[in-house]
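Trainee: Sharing my_file.cif (mmCIF, C-alpha atoms) below.
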```
data_final
loop_
_atom_site.label_atom_id
_atom_site.label_comp_id
_atom_site.auth_asym_id
_atom_site.auth_seq_id
_atom_site.Cartn_x
_atom_site.Cartn_y
_atom_site.Cartn_z
CA MET A 1 75.76 82.98 141.99
CA LYS A 2 79.31 82.34 140.78
CA LYS A 3 80.04 80.41 143.94
CA PHE A 4 76.78 78.66 144.70
CA LEU A 5 77.52 75.59 142.62
CA SER A 6 80.81 74.83 144.31
CA LEU A 7 79.07 74.68 147.69
CA CYS A 8 77.18 71.52 146.69
CA MET A 9 80.04 69.55 145.18
CA ALA A 10 80.74 67.25 148.12
CA GLY A 11 78.36 64.40 148.80
CA VAL A 12 76.25 64.85 145.70
CA MET A 13 73.27 62.54 145.57
CA ALA A 14 72.06 60.82 142.44
CA ALA A 15 69.30 62.67 140.66
CA SER A 16 66.58 61.51 138.36
CA LEU A 17 67.84 61.77 134.77
CA LEU A 18 66.32 60.96 131.45
CA THR A 19 68.90 59.78 128.93
CA GLY A 20 67.14 58.60 125.84
CA CYS A 21 67.30 58.84 122.08
CA GLY A 22 63.87 59.82 120.98
CA GLY A 23 60.60 61.37 121.92
CA ASP A 24 59.79 64.55 123.78
CA ALA A 25 60.94 64.84 127.35
CA ALA A 26 58.30 64.17 129.96
CA LYS A 27 56.35 67.22 131.08
CA ASP A 28 55.96 68.13 134.74
CA ASP A 29 52.50 69.04 136.01
CA THR A 30 53.69 71.12 138.96
CA PRO A 31 52.83 74.85 138.94
CA ALA A 32 56.48 75.90 138.50
CA ALA A 33 56.86 73.66 135.45
CA ASN A 34 53.82 75.25 133.85
CA GLY A 35 55.07 78.78 134.11
CA THR A 36 54.26 79.92 137.62
CA PRO A 37 56.89 82.48 138.65
CA SER A 38 59.48 81.14 141.06
CA GLU A 39 60.78 83.16 143.95
CA GLY A 40 61.96 86.47 142.54
CA GLY A 41 59.58 86.33 139.56
CA VAL A 42 61.76 84.18 137.27
CA GLN A 43 59.72 81.69 135.23
CA TYR A 44 60.84 78.14 134.47
CA THR A 45 58.47 77.00 131.75
CA LYS A 46 60.99 74.50 130.33
CA HIS A 47 63.06 71.94 132.19
CA THR A 48 64.89 69.83 129.59
CA LEU A 49 68.54 70.18 128.62
CA ALA A 50 69.12 68.29 125.37
CA ALA A 51 72.42 66.92 124.08
CA SER A 52 73.58 65.86 120.62
CA ILE A 53 76.78 63.82 121.03
CA PRO A 54 78.50 60.81 119.40
CA LEU A 55 77.86 57.63 121.39
CA THR A 56 78.58 55.38 118.41
CA GLY A 57 80.90 55.82 115.45
CA ASN A 58 84.55 56.84 115.16
CA THR A 59 84.44 59.60 117.80
CA MET A 60 82.39 57.76 120.40
CA GLN A 61 85.27 57.91 122.93
CA TYR A 62 84.73 61.65 123.20
CA GLY A 63 80.96 61.22 123.34
CA ILE A 64 81.22 58.85 126.28
CA SER A 65 83.26 61.45 128.19
CA TYR A 66 80.58 64.01 127.32
CA LYS A 67 77.74 61.75 128.47
CA ASN A 68 79.36 61.01 131.81
CA ALA A 69 80.06 64.68 132.49
CA LEU A 70 76.57 65.81 131.44
CA GLU A 71 74.93 63.30 133.76
CA MET A 72 77.20 64.43 136.57
CA ALA A 73 76.48 68.13 135.92
CA VAL A 74 72.70 67.66 135.91
CA ALA A 75 72.85 65.60 139.10
CA ASP A 76 74.98 68.29 140.77
CA PHE A 77 72.68 71.08 139.62
CA ASN A 78 69.52 69.32 140.74
CA ALA A 79 71.07 68.57 144.11
CA ALA A 80 71.60 72.32 144.50
CA GLY A 81 67.87 72.99 143.92
CA GLY A 82 67.46 72.74 140.16
CA LEU A 83 65.15 75.29 138.52
CA GLY A 84 62.86 76.68 141.18
CA GLY A 85 62.93 73.41 143.05
CA GLU A 86 62.20 71.34 139.95
CA ASP A 87 64.78 68.97 138.45
CA VAL A 88 66.41 69.61 135.10
CA VAL A 89 65.81 66.65 132.78
CA LEU A 90 68.70 65.48 130.59
CA GLU A 91 67.89 64.18 127.13
CA ILE A 92 70.82 62.60 125.29
CA ASN A 93 70.78 61.93 121.54
CA ASP A 94 73.41 59.99 119.59
CA ASP A 95 74.47 61.92 116.48
CA LYS A 96 77.14 59.28 115.65
CA GLY A 97 79.63 62.05 114.86
CA ASP A 98 77.88 62.41 111.50
CA GLN A 99 76.84 65.71 109.95
CA LYS A 100 73.54 64.48 108.50
CA GLU A 101 72.57 62.78 111.74
CA GLY A 102 73.50 65.94 113.63
CA ILE A 103 71.11 67.93 111.45
CA ASN A 104 68.34 65.34 111.91
CA ILE A 105 68.73 65.46 115.68
CA ALA A 106 68.77 69.27 115.65
CA ASN A 107 65.43 69.29 113.83
CA LYS A 108 64.06 66.84 116.38
CA ILE A 109 65.27 68.85 119.38
CA VAL A 110 63.94 72.23 118.23
CA GLY A 111 60.51 70.64 117.84
CA GLU A 112 60.41 69.63 121.51
CA LYS A 113 58.59 72.21 123.60
CA ASP A 114 60.33 71.52 126.91
CA VAL A 115 63.97 72.01 125.77
CA PHE A 116 65.57 75.30 126.84
CA ALA A 117 69.12 74.65 125.50
CA THR A 118 71.23 72.05 123.71
CA VAL A 119 74.79 70.86 124.36
CA GLY A 120 76.71 69.53 121.37
CA SER A 121 78.37 68.23 119.42
CA PHE A 122 81.91 66.89 119.31
CA GLY A 123 83.85 68.21 116.34
CA SER A 124 83.42 71.45 114.48
CA SER A 125 82.06 69.78 111.34
CA VAL A 126 79.02 68.22 113.02
CA THR A 127 78.32 71.23 115.23
CA MET A 128 78.55 73.73 112.40
CA ALA A 129 76.40 71.60 110.09
CA ALA A 130 73.57 71.63 112.63
CA ALA A 131 74.08 75.21 113.83
CA PRO A 132 71.70 76.86 111.28
CA VAL A 133 68.81 74.72 112.56
CA TYR A 134 69.34 75.89 116.13
CA GLU A 135 69.83 79.50 115.05
CA LYS A 136 66.67 79.56 112.92
CA ASN A 137 64.62 78.19 115.80
CA SER A 138 66.19 80.37 118.53
CA MET A 139 67.61 77.41 120.44
CA PRO A 140 70.82 78.13 122.43
CA LEU A 141 73.57 75.74 121.31
CA VAL A 142 76.38 75.35 123.84
CA SER A 143 79.32 73.55 122.25
CA PRO A 144 82.00 72.04 124.52
CA ASN A 145 84.93 71.78 122.08
CA THR A 146 84.06 73.42 118.76
CA SER A 147 86.99 75.73 118.04
CA HIS A 148 86.57 76.55 114.36
CA PRO A 149 87.11 80.31 113.89
CA ASP A 150 83.75 80.69 112.10
CA PHE A 151 81.56 79.02 114.73
CA PRO A 152 80.93 81.94 117.11
CA GLU A 153 79.71 84.11 114.23
CA MET A 154 77.24 81.55 112.87
CA GLY A 155 74.45 83.13 114.88
CA LYS A 156 73.35 84.71 118.14
CA MET A 157 72.45 81.31 119.59
CA MET A 158 76.01 79.93 119.42
CA ILE A 159 77.84 79.60 122.76
CA PRO A 160 81.33 78.06 122.53
CA ILE A 161 83.10 76.73 125.62
CA SER A 162 86.39 76.30 123.74
CA PRO A 163 88.31 79.31 122.35
CA ILE A 164 88.70 79.47 118.59
CA ALA A 165 91.66 77.64 117.05
CA ASP A 166 93.52 80.90 116.44
CA LEU A 167 94.42 81.12 120.12
CA GLU A 168 95.89 77.63 120.48
CA ARG A 169 97.51 77.50 117.04
CA THR A 170 98.98 81.01 117.27
CA LYS A 171 100.55 80.41 120.67
CA THR A 172 101.89 77.04 119.52
CA THR A 173 103.36 78.55 116.36
CA ASN A 174 105.05 81.39 118.22
CA LEU A 175 106.49 78.96 120.75
CA LEU A 176 107.87 76.67 118.05
CA PHE A 177 109.43 79.56 116.15
CA GLU A 178 111.07 81.06 119.20
CA LYS A 179 112.20 77.79 120.80
CA PHE A 180 113.71 76.25 117.67
CA GLY A 181 115.18 79.24 115.94
CA GLY A 182 112.65 79.52 113.13
CA GLY A 183 113.54 76.15 111.63
CA ASP A 184 111.48 74.85 108.71
CA LEU A 185 107.98 73.68 109.69
CA ALA A 186 105.93 70.83 108.19
CA ILE A 187 102.22 70.44 108.99
CA ILE A 188 100.14 67.27 108.74
CA HIS A 189 96.46 67.77 109.54
CA GLN A 190 93.13 65.99 109.45
CA ASN A 191 90.98 66.91 106.47
CA THR A 192 88.20 68.63 108.39
CA ASP A 193 86.97 72.22 108.53
CA LEU A 194 88.96 72.81 111.68
CA GLY A 195 92.01 70.94 110.41
CA VAL A 196 92.18 73.08 107.28
CA ALA A 197 91.58 76.32 109.19
CA GLY A 198 94.19 75.43 111.79
CA ALA A 199 96.83 74.69 109.17
CA GLU A 200 96.14 78.02 107.46
CA ILE A 201 96.47 79.87 110.76
CA MET A 202 99.80 78.20 111.53
CA LYS A 203 101.19 78.80 108.04
CA LYS A 204 100.36 82.49 108.07
CA THR A 205 101.62 82.99 111.62
CA TYR A 206 104.88 81.16 111.00
CA GLU A 207 105.60 82.99 107.76
CA ASP A 208 104.72 86.35 109.34
CA LEU A 209 107.37 85.57 111.97
CA GLY A 210 109.90 84.98 109.19
CA GLY A 211 109.83 81.19 109.16
CA LYS A 212 109.19 78.80 106.28
CA VAL A 213 106.46 76.16 105.99
CA VAL A 214 107.87 73.46 103.74
CA LEU A 215 104.93 71.04 103.69
CA ILE A 216 101.17 70.93 104.35
CA GLU A 217 99.50 67.54 103.88
CA ASN A 218 96.14 66.21 105.04
CA PHE A 219 94.69 62.81 105.90
CA VAL A 220 91.18 61.40 106.30
CA PRO A 221 90.43 61.33 110.05
CA GLN A 222 89.67 57.95 111.61
CA GLN A 223 90.13 56.28 108.20
CA THR A 224 93.77 56.80 107.26
CA LYS A 225 95.76 53.95 108.80
CA ASP A 226 98.93 54.08 106.72
CA PHE A 227 100.64 57.44 107.24
CA THR A 228 103.90 56.43 105.60
CA PRO A 229 103.21 58.11 102.21
CA ILE A 230 102.56 61.45 103.94
CA LEU A 231 105.46 60.98 106.33
CA SER A 232 107.77 60.15 103.42
CA LYS A 233 106.87 63.50 101.86
CA ALA A 234 107.61 65.16 105.18
CA LYS A 235 110.99 63.45 105.34
CA ALA A 236 111.83 64.64 101.83
CA ALA A 237 110.96 68.22 102.84
CA ASN A 238 113.54 67.92 105.66
CA PRO A 239 111.75 70.03 108.30
CA ALA A 240 113.11 70.90 111.71
CA ILE A 241 109.61 70.71 113.21
CA LEU A 242 106.65 68.45 112.38
CA TYR A 243 103.21 69.47 113.68
CA ILE A 244 100.59 66.69 113.55
CA ASP A 245 96.99 67.84 114.00
CA GLY A 246 94.15 65.40 114.64
CA GLU A 247 92.37 63.31 117.25
CA TYR A 248 94.51 61.38 119.70
CA ASN A 249 94.46 58.03 117.87
CA ASP A 250 95.40 59.50 114.48
CA VAL A 251 98.22 61.56 115.98
CA ALA A 252 99.47 58.49 117.84
CA ASN A 253 99.45 56.35 114.68
CA ALA A 254 101.37 58.98 112.74
CA ILE A 255 103.99 59.28 115.47
CA LEU A 256 104.46 55.51 115.66
CA GLN A 257 105.05 55.35 111.90
CA THR A 258 107.73 58.07 111.73
CA GLU A 259 110.46 55.50 112.39
CA LYS A 260 109.27 53.35 109.47
CA VAL A 261 110.22 56.07 107.01
CA GLY A 262 113.34 57.14 108.86
CA LEU A 263 111.86 60.47 109.92
CA THR A 264 114.05 60.99 112.98
CA GLY A 265 115.66 63.97 114.63
CA VAL A 266 112.63 66.17 113.96
CA GLN A 267 110.88 68.10 116.73
CA LEU A 268 107.29 66.80 117.07
CA ALA A 269 104.37 69.01 118.09
CA GLY A 270 100.62 68.56 118.36
CA PRO A 271 97.26 69.85 119.67
CA GLY A 272 95.37 69.60 122.94
CA ASN A 273 93.15 66.90 121.43
CA VAL A 274 95.74 64.37 122.60
CA PHE A 275 95.50 65.31 126.27
CA LYS A 276 94.10 61.85 127.00
CA GLN A 277 95.47 58.80 128.78
CA GLU A 278 94.51 56.78 125.72
CA PHE A 279 97.09 58.72 123.69
CA LEU A 280 99.84 57.75 126.13
CA ASP A 281 98.64 54.15 126.13
CA LEU A 282 99.21 54.05 122.37
CA VAL A 283 102.51 55.91 121.99
CA GLY A 284 104.33 55.12 125.22
CA ASN A 285 107.69 56.87 125.20
CA LYS A 286 107.74 57.22 121.40
CA ALA A 287 106.27 60.70 121.89
CA ASP A 288 108.87 61.79 124.44
CA GLY A 289 109.89 65.39 123.85
CA ILE A 290 106.79 66.35 121.85
CA ILE A 291 105.35 69.83 122.45
CA LEU A 292 101.58 69.91 123.00
CA ALA A 293 99.37 72.96 123.44
CA GLY A 294 95.68 73.09 124.33
CA THR A 295 93.08 75.26 126.00
CA THR A 296 92.18 72.64 128.62
CA PRO A 297 94.68 71.22 131.12
CA VAL A 298 95.82 67.65 131.62
CA TYR A 299 93.81 65.98 134.40
CA LEU A 300 96.08 63.06 135.23
CA ASP A 301 97.51 62.69 138.73
CA SER A 302 101.03 63.04 137.36
CA ILE A 303 100.18 66.64 136.40
CA MET A 304 97.51 67.57 138.93
CA ASN A 305 99.72 66.88 141.93
CA GLY A 306 102.38 69.26 140.70
CA GLU A 307 100.18 72.13 139.54
CA ASN A 308 99.39 74.52 142.37
CA ASP A 309 97.47 77.02 140.27
CA TYR A 310 94.61 74.66 139.47
CA SER A 311 91.48 75.82 141.30
CA GLU A 312 89.93 73.77 144.09
CA TYR A 313 86.79 73.63 141.96
CA LEU A 314 88.71 72.00 139.11
CA LYS A 315 90.47 69.58 141.45
CA ASP A 316 87.18 68.67 143.12
CA PHE A 317 85.53 68.01 139.76
CA THR A 318 88.44 65.79 138.71
CA LYS A 319 88.35 63.81 141.96
CA ARG A 320 84.60 63.24 141.85
CA TYR A 321 84.56 62.38 138.14
CA THR A 322 87.35 59.84 138.60
CA GLU A 323 85.54 58.24 141.53
CA LYS A 324 82.25 58.09 139.64
CA TYR A 325 83.69 56.90 136.29
CA PRO A 326 86.91 55.01 137.11
CA ASP A 327 86.99 53.32 133.69
CA VAL A 328 86.90 56.59 131.69
CA PRO A 329 89.84 58.88 132.54
CA CYS A 330 88.94 62.48 133.29
CA ASP A 331 90.00 64.85 130.53
CA GLY A 332 89.33 68.27 129.04
CA PHE A 333 86.47 66.94 126.96
CA ALA A 334 84.56 65.78 130.02
CA ALA A 335 85.34 69.04 131.82
CA SER A 336 84.19 71.15 128.87
CA ALA A 337 80.91 69.23 128.64
CA TYR A 338 80.39 69.69 132.38
CA ASP A 339 80.97 73.42 132.02
CA ALA A 340 78.66 73.61 129.01
CA ALA A 341 75.79 72.06 130.96
CA MET A 342 76.46 74.13 134.08
CA LEU A 343 76.61 77.34 132.06
CA ALA A 344 73.27 76.66 130.38
CA MET A 345 71.53 75.56 133.59
CA THR A 346 72.92 78.37 135.74
CA ALA A 347 71.84 80.94 133.16
CA ALA A 348 68.38 79.36 133.12
CA LYS A 349 68.23 79.54 136.93
CA ASN A 350 69.18 83.22 136.86
CA VAL A 351 66.90 84.51 134.08
CA GLY A 352 64.34 81.76 133.48
CA THR A 353 63.67 79.65 130.40
CA THR A 354 61.14 81.76 128.51
CA ASP A 355 63.51 84.06 126.56
CA PRO A 356 66.35 82.46 124.51
CA GLN A 357 68.15 85.77 124.01
CA ALA A 358 68.09 86.45 127.74
CA LEU A 359 69.67 83.02 128.25
CA ILE A 360 72.39 83.83 125.74
CA ASP A 361 73.08 87.22 127.32
CA GLU A 362 73.34 85.62 130.75
CA MET A 363 75.70 82.91 129.49
CA HIS A 364 77.97 85.59 128.05
CA LYS A 365 78.43 86.83 131.62
CA ALA A 366 79.98 83.41 132.40
CA PRO A 367 78.27 83.13 135.80
CA ILE A 368 80.10 79.93 136.83
CA GLU A 369 83.43 78.61 137.99
CA VAL A 370 84.97 76.30 135.40
CA ALA A 371 86.42 72.81 135.42
CA SER A 372 87.88 73.16 131.91
CA GLY A 373 90.60 75.67 132.72
CA LYS A 374 91.75 78.34 135.13
CA SER A 375 89.01 80.79 134.17
CA MET A 376 86.57 81.61 131.37
CA SER A 377 85.18 84.88 130.06
CA PHE A 378 83.61 86.15 126.85
CA ASP A 379 84.81 88.88 124.53
CA GLY A 380 81.63 89.39 122.55
CA GLN A 381 80.76 85.91 121.31
CA TYR A 382 84.33 84.62 121.69
CA VAL A 383 85.60 82.65 124.68
CA VAL A 384 88.79 83.73 126.42
CA LYS A 385 90.84 81.03 128.22
CA ASP A 386 94.44 80.21 129.03
CA VAL A 387 96.60 77.95 126.84
CA PHE A 388 98.39 75.05 128.55
CA ILE A 389 101.70 73.69 127.25
CA TYR A 390 102.86 70.13 128.00
CA THR A 391 105.37 67.58 126.79
CA VAL A 392 105.74 63.81 127.21
CA LYS A 393 108.54 62.48 129.39
CA ASP A 394 109.13 58.75 129.96
CA GLY A 395 105.71 58.03 128.47
CA GLU A 396 103.85 60.43 130.78
CA PHE A 397 102.56 63.99 130.37
CA ALA A 398 104.75 66.63 132.01
CA SER A 399 104.63 70.40 132.24
CA TYR A 400 106.69 72.09 129.54
CA ASN A 401 108.96 74.90 130.62
CA ALA A 402 109.40 77.07 127.57
#
```
Is it possible to give me this structure as C-alpha cells?
Mentor:
Amino acid sequence: MKKFLSLCMAGVMAASLLTGCGGDAAKDDTPAANGTPSEGGVQYTKHTLAASIPLTGNTMQYGISYKNALEMAVADFNAAGGLGGEDVVLEINDDKGDQKEGINIANKIVGEKDVFATVGSFGSSVTMAAAPVYEKNSMPLVSPNTSHPDFPEMGKMMIPISPIADLERTKTTNLLFEKFGGGDLAIIHQNTDLGVAGAEIMKKTYEDLGGKVVLIENFVPQQTKDFTPILSKAKAANPAILYIDGEYNDVANAILQTEKVGLTGVQLAGPGNVFKQEFLDLVGNKADGIILAGTTPVYLDSIMNGENDYSEYLKDFTKRYTEKYPDVPCDGFAASAYDAAMLAMTAAKNVGTTDPQALIDEMHKAPIEVASGKSMSFDGQYVVKDVFIYTVKDGEFASYNA
C-alpha cells in the first residue's frame, strides 16, 4: 500500500469535489456507501473528509495553499479508486484563523454523520483550541503544521504531520552555538502558544550548551508593524545572533527594519515558516546570510534542481502542484496538507471508516510516501522527520553547508 498512490500520480483526472462552508456532506445511496463490506471485508460507511482552514483573515495565504493541496490530494486518491470504488468527498470550512471560529466549526463537523476525519488547522493556537471537541467526539484530527509540544498529547485523536517544535528549535540552537562560538543570543518571537514554547526551548538549550540568552521579546503576530522598539532593545543587548520567530511576513518586516535602528553585523536566524517565495519577494537580498531551519524542504526550482536526495514522489508532487496552481508557489504548507489528506484517506482505505481508533492506529503506521520531507514515521504519537537547513544568497534560498 505504501507505493500504490505514487502509481497514479501522472495524468490525474479531475474528480468530483465538494468544497463548501456549511451543511452536511451529501450522502451516497450506493451499497458501499451504506456499509456494505468492500472487497476484503472492509466497510466504508463514511466518505467525507472535512477541513477547517483559514481562507480569510491574516493567515489566509497558508489556507489557500492548504485548500489547493487538499483538492489535489482528494482528486488523486479518487482517481486511484477512492474508498471501495466510491469517491471521497472534500468539505472545506473557513475558520478564519480564529480560535472561536475553529471551535464552532469543530462542533459543526463532529455533528456530521458522513465525516471520517478532519484536516486542520493552520497554527497551533487554533488547532489546539478546537482539539478537545474532536477528542470528545472521537473524530481523528490530522494537523498539517501544528508543532506545539503539547499537541500530540491532547488526546488519542490527534495526528500531527509536523514534528514538535523541540526538534526544529533544538537543532537550530545547537547549530547556532557551534557555528558562532557560543556568542550571545537574542530571541524575538510572535506572542502565540508556539512562539512562547519555542523561545523557552531555545533559551534552555542554549544555556545548557553554555551560551547566554541576552534578550527575549515578543510581538503581536500580523498586527505589529513597527518593530523598531523591539529591535532597539535587541541592539542595546548587543547580541552576536538574532533569532526572529514568526510567519514569513512578520519575519520579513522585522529584518527590513533592522537597518533603521542600526542593528548591523548580527547573525540573523529564523524558522521554516519563511520557506516561501513570498518571503523572498519581501526581503530581497536584505536576508542574505540568514540561517533558516525547518522540517519541510524548500520547493523552489533553485533548490530542487540541486538536491539529489529528494524523492521522485516529492518532485512529482511539486511539478504537478506548480502546473495546477501556477499562481500559488508550492511550499511545505501545501505539501503537509497533501500528506495529511493522503494519510487519512489511505488509512480509511486500509481499515474502513467505522472505527476511529482503528483509523488512528493505521495512521501511526504512516502507510504513505510523503511530499513534505524525505520520510515520515511515528514514535508513539510524535512525528519523526528530518530538519532542513537553508540560507539566503543573492535574494534566493540556497542550501546551507554547516
Trainee: Nearest to A:Gln257 among A:Ser162, A:Asn107, A:Ser121, A:Thr228, with distances taken over all atoms listed in the file: which residue is it?
Mentor: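 Using all atoms listed in the file, A:Gln257 sits closest to A:Thr228.
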Trainee: For A:Ile53, which residue among A:Val115, A:Val88, A:Ala80, A:Val126 is the nearest when counting only C-alpha atoms?
Mentor: A:Val126
Trainee: Counting all atoms listed in the file, note down every residue that has an atom within 12 Å of the point (97.1, 70.5, 139.2) (file coordinates), as an NGL selection string.
Mentor: :A and (296-319 or 371 or 373-374 or 388 or 398-399)
Trainee: Could you save those same residues with C-alpha atoms as a compact mmCIF listing (two decimals), in the coordinates of the input?
Mentor:
```txt
# COMPACT_ATOMS: atom_id res chain seq x y z
CA THR A 296 92.18 72.64 128.62
CA PRO A 297 94.68 71.22 131.12
CA VAL A 298 95.82 67.65 131.62
CA TYR A 299 93.81 65.98 134.40
CA LEU A 300 96.08 63.06 135.23
CA ASP A 301 97.51 62.69 138.73
CA SER A 302 101.03 63.04 137.36
CA ILE A 303 100.18 66.64 136.40
CA MET A 304 97.51 67.57 138.93
CA ASN A 305 99.72 66.88 141.93
CA GLY A 306 102.38 69.26 140.70
CA GLU A 307 100.18 72.13 139.54
CA ASN A 308 99.39 74.52 142.37
CA ASP A 309 97.47 77.02 140.27
CA TYR A 310 94.61 74.66 139.47
CA SER A 311 91.48 75.82 141.30
CA GLU A 312 89.93 73.77 144.09
CA TYR A 313 86.79 73.63 141.96
CA LEU A 314 88.71 72.00 139.11
CA LYS A 315 90.47 69.58 141.45
CA ASP A 316 87.18 68.67 143.12
CA PHE A 317 85.53 68.01 139.76
CA THR A 318 88.44 65.79 138.71
CA LYS A 319 88.35 63.81 141.96
CA ALA A 371 86.42 72.81 135.42
CA GLY A 373 90.60 75.67 132.72
CA LYS A 374 91.75 78.34 135.13
CA PHE A 388 98.39 75.05 128.55
CA ALA A 398 104.75 66.63 132.01
CA SER A 399 104.63 70.40 132.24
```
Trainee: Please write as a list in words the full residue list that the PyMOL selection byres ((chain A and resi 152) around 10) yields on this file.
Mentor: Met128, Ser143, Thr146, Ser147, His148, Pro149, Asp150, Phe151, Glu153, Met154, Gly155, Lys156, Met157, Met158, Ile159, Pro160, Pro163, Ile164, Gly380, Gln381, Tyr382 and Val383 of chain A
Trainee: Skip stretch 232-234 of chain A itself and residues of its chain fewer than 5 positions away, then list as a PyMOL selection string all residues within 7 Å of it, counting only C-alpha atoms.
Mentor: chain A and resi 186+215+261
Trainee: Could you turn the residues from that selection into a file that holds C-alpha atoms, as a PDB file, keeping the file's coordinate frame?
Mentor:
```pdb
ATOM      1  CA  ALA A 186     105.930  70.830 108.190  1.00  0.00           C
ATOM      2  CA  LEU A 215     104.930  71.040 103.690  1.00  0.00           C
ATOM      3  CA  VAL A 261     110.220  56.070 107.010  1.00  0.00           C
TER       4      VAL A 261
END
```
Trainee: Choose the residue, out of A:Ala130, A:Ala335, A:Ala344, A:Leu175, that has the smallest atom-to-atom separation from A:Met72; count all atoms listed in the file.
Mentor: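 Nearest candidate to A:Met72 out of A:Ala130, A:Ala335, A:Ala344, A:Leu175: A:Ala335.
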Trainee: Name the closest residue to A:Thr118 among the candidates A:Ala340, A:Tyr243, A:Gln267, A:Glu71; distances are taken between atoms, counting all atoms listed in the file.
Mentor: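 Among A:Ala340, A:Tyr243, A:Gln267, A:Glu71, it is A:Ala340 that comes nearest to A:Thr118.
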Trainee: Translate the PyMOL selection byres ((chain A and resi 253) around 9), as applied to the file shown, into an explicit residue set as a PyMOL selection string.
Mentor: chain A and resi 225-227+248-252+254-258+282-283
